[in-house]
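Okay, structure first, notes after.
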Amino acid sequence: MRKKIIKTKNRYIKTKIPAPGTASIMRNLNKFESRSMHGQLPIAWSKAKNFNIYDIKGNKFIDFTSTIFVANIGHANPKLIANLKKTLNNNFVHSYAYIHKIRETYIKKLVKFAGKNFEKAFLMSSGTEATEAALKLMRLYGQKRKKRRLGIICFEGNWHGRTMGAQLMSGNSSQKKWIGFKDKDIHHLSFPYPWKVNEKNAESYLELSIKKLKKHLSLSKDICGVMIETFQGWGAIHYPKNYIKKLEKICRLNNILISFDEIQTGFGRTGYNFGFKHYGVEPDLICCAKGMGGGIPISGVIGKKSIMDLPEIGSMSSTNSANPLSCSAGIAVIEEIKKKNLIYQSKKKGEIIRKYLQLIKDKNKIDFEIYGSGLYFAIVFDPLAKGILKKLKMLALNCMKDGLLVVYTGRESVKIGPPLTITKDALKEGLGVLKKNIEKIFL
């Protein structure tokens, strides 16, 4: 047993952590399940409600992960559950691509939620499907425009999913060795990290990258699209605004589509409906998932009619596209975001996080950087600091033992992203736990 029980309004830790019985579950999973599914913190969930997670012994944790930015409207949101129950009670679980009223209602709400620049949507099940679909749409566009090659510009360090096209667009070379070849028409530009680039030199940095690219090809003839992860996920690192605005100008001059990967950043997570709003640009396509369904699998691409209607009838449908349960969940997400003013809540609570993290840094003179916006932040340390990966794993584990879950990235960062519905007192309590453990490990 642990020496001291933790009992507050938002946390209740009454057993040793990991809870008794956790190791047995892990052993069985290790025996029967592919190890690719493993590597998370050793907590066996039993239920989740709003911003709290409960393990198999009833220990109660504050959730700063939103199950990796999924539970934007809170775990087990009552409106979402009510919508699912209503659909199930009507004996309506699946419909393939056959139309239904729930799908009609949801598609209209989704397109309107995306904003005036968007006209149509296509639904799928996972984020990697969404980025793959956007890749296909951009290349179909290139074919229609009779481009010489169907090139796609991507960025080093960005990540777009686990399937082949998504990984070819991603910037992690080690993760795509399994493919066995490189797509000669997918080009990666250097990411404008803040320790290299600022708003003043952002445009010239992009121009230099484009100049190198133009030695081998013509932008107007050989490039049909750009895929942009709204910010680099592992560290919540934004591009300089001037960089993206300059990129938009280049794309418009050369008839190149702009696609934003909003898988993690959509549906209010960063203080806007979608994160591209931070840059003041208008993309042609946005890819979304995670927070889109509040925990129910659904993803999508939203874009202009002229692009979304490029595929022939039936050529991009999917077995689980627009199924009634996922659409019911999607409706609940949009309605809850609007009803509870969660975009505003995300922005204001994000200000609390930034100020609190800055105080920890300034007071203790600890060497880390703070990146992010809304309710998506990363604390990024020097990757060359002695024992940093071991220390950050210890930080995540110690926070868990104290009743707080943070996102352990496995590299030089720790991320925090609670549900947008978290109360201010729970947010501050969780930040207090984080502060205590940062100081314990780094001072």
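Labels for the structure tokens follow display order: chains A, B, ..., residues from 1 in each chain, ligands from 1.
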
Please provide as a PDB file with N, CA and C atoms, in the first residue's frame all residues within 12 Å of Gly410 in chain A, with the sequence filter that same-chain residues fewer than 6 positions apart are discarded (counting only C-alpha atoms).
```pdb
ATOM      1  N   GLY A  39       3.418   0.292 -24.724  1.00  0.00           N
ATOM      2  CA  GLY A  39       4.356   1.388 -24.501  1.00  0.00           C
ATOM      3  C   GLY A  39       3.776   2.573 -23.753  1.00  0.00           C
ATOM      4  N   GLN A  40       2.477   2.524 -23.438  1.00  0.00           N
ATOM      5  CA  GLN A  40       1.871   3.609 -22.680  1.00  0.00           C
ATOM      6  C   GLN A  40       2.135   3.441 -21.182  1.00  0.00           C
ATOM      7  N   LEU A  41       1.729   4.427 -20.399  1.00  0.00           N
ATOM      8  CA  LEU A  41       1.907   4.360 -18.953  1.00  0.00           C
ATOM      9  C   LEU A  41       1.137   3.168 -18.386  1.00  0.00           C
ATOM     10  N   TRP A 234       4.709  16.317 -31.743  1.00  0.00           N
ATOM     11  CA  TRP A 234       5.461  15.868 -30.567  1.00  0.00           C
ATOM     12  C   TRP A 234       5.794  17.023 -29.624  1.00  0.00           C
ATOM     13  N   GLY A 235       5.869  18.252 -30.196  1.00  0.00           N
ATOM     14  CA  GLY A 235       6.253  19.388 -29.367  1.00  0.00           C
ATOM     15  C   GLY A 235       5.289  20.555 -29.439  1.00  0.00           C
ATOM     16  N   VAL A 380       9.178  21.201 -23.702  1.00  0.00           N
ATOM     17  CA  VAL A 380      10.240  20.620 -24.514  1.00  0.00           C
ATOM     18  C   VAL A 380      11.603  20.922 -23.882  1.00  0.00           C
ATOM     19  N   PRO A 383      17.293  17.966 -26.018  1.00  0.00           N
ATOM     20  CA  PRO A 383      17.429  16.529 -26.288  1.00  0.00           C
ATOM     21  C   PRO A 383      18.807  15.974 -25.932  1.00  0.00           C
ATOM     22  N   ILE A 388      17.900  12.822 -20.181  1.00  0.00           N
ATOM     23  CA  ILE A 388      16.610  13.515 -20.287  1.00  0.00           C
ATOM     24  C   ILE A 388      15.444  12.567 -20.541  1.00  0.00           C
ATOM     25  N   LEU A 389      15.618  11.543 -21.375  1.00  0.00           N
ATOM     26  CA  LEU A 389      14.511  10.629 -21.667  1.00  0.00           C
ATOM     27  C   LEU A 389      14.102   9.853 -20.422  1.00  0.00           C
ATOM     28  N   LYS A 390      15.076   9.432 -19.646  1.00  0.00           N
ATOM     29  CA  LYS A 390      14.805   8.721 -18.398  1.00  0.00           C
ATOM     30  C   LYS A 390      14.084   9.629 -17.407  1.00  0.00           C
ATOM     31  N   LYS A 391      14.498  10.892 -17.334  1.00  0.00           N
ATOM     32  CA  LYS A 391      13.876  11.848 -16.408  1.00  0.00           C
ATOM     33  C   LYS A 391      12.425  12.144 -16.798  1.00  0.00           C
ATOM     34  N   LEU A 392      12.170  12.259 -18.095  1.00  0.00           N
ATOM     35  CA  LEU A 392      10.806  12.572 -18.529  1.00  0.00           C
ATOM     36  C   LEU A 392       9.869  11.376 -18.353  1.00  0.00           C
ATOM     37  N   LYS A 393      10.387  10.173 -18.528  1.00  0.00           N
ATOM     38  CA  LYS A 393       9.573   9.003 -18.229  1.00  0.00           C
ATOM     39  C   LYS A 393       9.251   8.959 -16.733  1.00  0.00           C
ATOM     40  N   MET A 394      10.238   9.296 -15.916  1.00  0.00           N
ATOM     41  CA  MET A 394      10.029   9.344 -14.472  1.00  0.00           C
ATOM     42  C   MET A 394       9.016  10.428 -14.113  1.00  0.00           C
ATOM     43  N   LEU A 395       9.070  11.555 -14.814  1.00  0.00           N
ATOM     44  CA  LEU A 395       8.107  12.636 -14.572  1.00  0.00           C
ATOM     45  C   LEU A 395       6.690  12.155 -14.835  1.00  0.00           C
ATOM     46  N   ALA A 396       6.483  11.483 -15.971  1.00  0.00           N
ATOM     47  CA  ALA A 396       5.150  10.988 -16.308  1.00  0.00           C
ATOM     48  C   ALA A 396       4.674   9.944 -15.298  1.00  0.00           C
TER      49      ALA A 396
END
```

(request) Name all residues at most 10 Å from Met400 in chain A (count only C-alpha atoms; drop same-chain ones fewer than 3 positions away) and give them as a ChimeraX atom specification. (result) /A:13,17-18,41-43,61-63,394-397,403-406,433-434

Excluding Lys349 in chain A and any residue of its chain fewer than 4 positions from it, enumerate the residues within 7 Å of it, using only C-alpha atoms, and give them as a PDB file with N, CA and C atoms, in the first residue's frame.
```
ATOM      1  N   GLN A 345     -13.527  28.518 -24.132  1.00  0.00           N
ATOM      2  CA  GLN A 345     -12.985  27.857 -22.936  1.00  0.00           C
ATOM      3  C   GLN A 345     -11.565  27.353 -23.189  1.00  0.00           C
ATOM      4  N   ILE A 353      -2.636  27.743 -18.530  1.00  0.00           N
ATOM      5  CA  ILE A 353      -1.537  26.776 -18.646  1.00  0.00           C
ATOM      6  C   ILE A 353      -0.227  27.484 -18.973  1.00  0.00           C
ATOM      7  N   GLY A 374      -4.278  27.014 -26.835  1.00  0.00           N
ATOM      8  CA  GLY A 374      -5.519  26.382 -26.398  1.00  0.00           C
ATOM      9  C   GLY A 374      -5.219  25.353 -25.326  1.00  0.00           C
ATOM     10  N   LEU A 375      -5.818  24.176 -25.452  1.00  0.00           N
ATOM     11  CA  LEU A 375      -5.554  23.108 -24.486  1.00  0.00           C
ATOM     12  C   LEU A 375      -4.705  22.008 -25.125  1.00  0.00           C
TER      13      LEU A 375
END
```

(request) Step one, run DSSP on the backbone; step two, keep only residues of range 74-250 of chain A assigned to helix (DSSP H, G or I); then write them as a ChimeraX atom specification. (result) /A:78-89,101-114,127-144,164-169,173-179,202-214,219-222,241-250

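Note that CA of Tyr193 in chain A and CA of Ile237 in chain A are 7.5 Å apart.
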
(request) Name the residues in contact with range 105-107 of chain A at a cut-off of 8 Å, using only C-alpha atoms, excluding same-chain residues fewer than 6 positions from it; report them as an NGL selection string. (result) :A and (120-121 or 327-328 or 330-331)

Just want the 8 Å neighbourhood of range 72-84 of chain A, counted on only C-alpha atoms, with same-chain residues fewer than 4 positions away dropped. Output as a PDB file with C-alpha atoms, in the first residue's frame.
```pdb
ATOM      1  CA  ALA A  48     -13.627   7.695 -17.779  1.00  0.00           C
ATOM      2  CA  LYS A  49     -15.975  10.591 -17.077  1.00  0.00           C
ATOM      3  CA  ASN A  50     -15.499  14.203 -18.156  1.00  0.00           C
ATOM      4  CA  PHE A  51     -11.871  14.996 -17.152  1.00  0.00           C
ATOM      5  CA  ASN A  52     -11.341  12.015 -14.828  1.00  0.00           C
ATOM      6  CA  SER A  66      -7.866  13.429 -23.464  1.00  0.00           C
ATOM      7  CA  LEU A  88     -29.151   2.028 -30.988  1.00  0.00           C
ATOM      8  CA  PHE A 267     -12.592  20.759 -32.933  1.00  0.00           C
ATOM      9  CA  GLY A 268     -11.559  23.497 -30.536  1.00  0.00           C
ATOM     10  CA  ARG A 269      -8.343  21.925 -29.283  1.00  0.00           C
ATOM     11  CA  GLY A 291     -11.773  14.967 -31.305  1.00  0.00           C
ATOM     12  CA  GLY A 294     -15.563  12.305 -28.910  1.00  0.00           C
ATOM     13  CA  GLY A 295     -14.289   8.733 -28.610  1.00  0.00           C
ATOM     14  CA  LEU A 325     -23.398   5.727 -34.738  1.00  0.00           C
ATOM     15  CA  SER A 328     -24.614  10.605 -34.098  1.00  0.00           C
ATOM     16  CA  ALA A 329     -21.414  11.098 -32.111  1.00  0.00           C
ATOM     17  CA  ALA A 332     -23.020  15.639 -30.340  1.00  0.00           C
ATOM     18  CA  VAL A 333     -19.443  16.944 -30.565  1.00  0.00           C
ATOM     19  CA  GLU A 336     -21.587  20.486 -27.299  1.00  0.00           C
ATOM     20  CA  ILE A 337     -18.735  22.683 -28.546  1.00  0.00           C
ATOM     21  CA  LEU A 342     -15.706  25.297 -25.696  1.00  0.00           C
ATOM     22  CA  PRO A 418      -7.050  17.951 -20.936  1.00  0.00           C
ATOM     23  CA  PRO A 419     -10.652  17.810 -22.181  1.00  0.00           C
ATOM     24  CA  LEU A 420     -11.961  21.264 -23.060  1.00  0.00           C
ATOM     25  CA  THR A 421     -14.593  20.725 -20.367  1.00  0.00           C
ATOM     26  CA  ILE A 422     -12.086  20.552 -17.506  1.00  0.00           C
TER      27      ILE A 422
END
```

(message) If DSSP is run on the backbone, what residues of range 186-356 of chain A are strand (DSSP E)? A reply as a list in words would be ideal.
(response)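 Of range 186-356 of chain A, only Ile186, His187, His188, Leu189, Ile223, Cys224, Gly225, Val226, Met227, Ile228, Glu229, Leu257, Ile258, Ser259, Phe260, Asp261, Leu285, Ile286, Cys287, Cys288, Ser299, Gly300, Val301, Ile302 and Gly303 of chain A fall in strand (DSSP E).
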
(message) From the options A:Asp402, A:Thr270, A:Ile153, A:Pro240, which residue's atoms come nearest to Lys214 in chain A, counting only C-alpha atoms?
(response)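 Between A:Asp402, A:Thr270, A:Ile153, A:Pro240, the residue approaching Lys214 in chain A most closely is A:Ile153.
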
(request) Name all residues at most 12 Å from Ile352 in chain A (count only C-alpha atoms; drop same-chain ones fewer than 2 positions away) and give them as a ChimeraX atom specification. (result) /A:345-350,354-359,373-377,423-431

(request) Considering only C-alpha atoms, state which residue in the set A:Phe69, A:Phe64, A:Tyr279, A:Tyr272 is at the smallest distance from Met292 in chain A. (result)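 Distance minimum relative to Met292 in chain A lands on A:Phe69.
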
For Val226 in chain A, please output as an mmCIF file with C-alpha atoms, in the first residue's frame all residues within 8 Å (counting only C-alpha atoms; exclusion window: fewer than 5 positions along the same chain).
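This went into out17.cif:
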```cif
data_model
loop_
_atom_site.group_PDB
_atom_site.id
_atom_site.type_symbol
_atom_site.label_atom_id
_atom_site.label_comp_id
_atom_site.auth_asym_id
_atom_site.auth_seq_id
_atom_site.Cartn_x
_atom_site.Cartn_y
_atom_site.Cartn_z
ATOM 1 C CA ILE A 152 3.446 16.730 -52.892
ATOM 2 C CA ILE A 153 5.388 19.044 -50.585
ATOM 3 C CA CYS A 154 5.593 17.885 -46.959
ATOM 4 C CA ILE A 256 -0.957 24.057 -55.774
ATOM 5 C CA LEU A 257 -3.537 22.829 -53.258
ATOM 6 C CA ILE A 258 -3.045 23.401 -49.524
ATOM 7 C CA SER A 259 -4.100 20.626 -47.149
#
```

(request) Between A:Ser204, A:Asn198, A:Thr131, A:Asn273, single out the one closest to Phe260 in chain A, counting only C-alpha atoms. (result)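 Using only C-alpha atoms, Phe260 in chain A sits closest to A:Thr131.
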
(request) Would you mind telling me which residue in A:Phe381, A:Ile6, A:Asn59, A:Lys184 lies nearest to Val414 in chain A when using only C-alpha atoms? (result) A:Phe381

(request) Work out how far apart CA of Ile223 in chain A and CA of Leu150 in chain A are and give it in Å to one decimal. (result)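 Result for CA of Ile223 in chain A versus CA of Leu150 in chain A: 5.8 Å, one decimal.
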
(request) Point out the residue among A:Lys246, A:Gln175, A:Phe274, A:Gln143 with the least atom-to-atom distance to Asp222 in chain A, counting only C-alpha atoms. (result)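 Nearest to Asp222 in chain A: A:Gln143.
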
(request) Identify which of the residues A:Ala166, A:Leu137, A:Ile438, A:Lys14 lies closest to Tyr54 in chain A, counting only C-alpha atoms when measuring atom-to-atom distances. (result)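 Result for the nearest residue to Tyr54 in chain A: A:Lys14.
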
(message) Can you measure CA of Phe231 in chain A to CA of Arg411 in chain A for me? One decimal in Å is fine.
(response) 16.8 Å
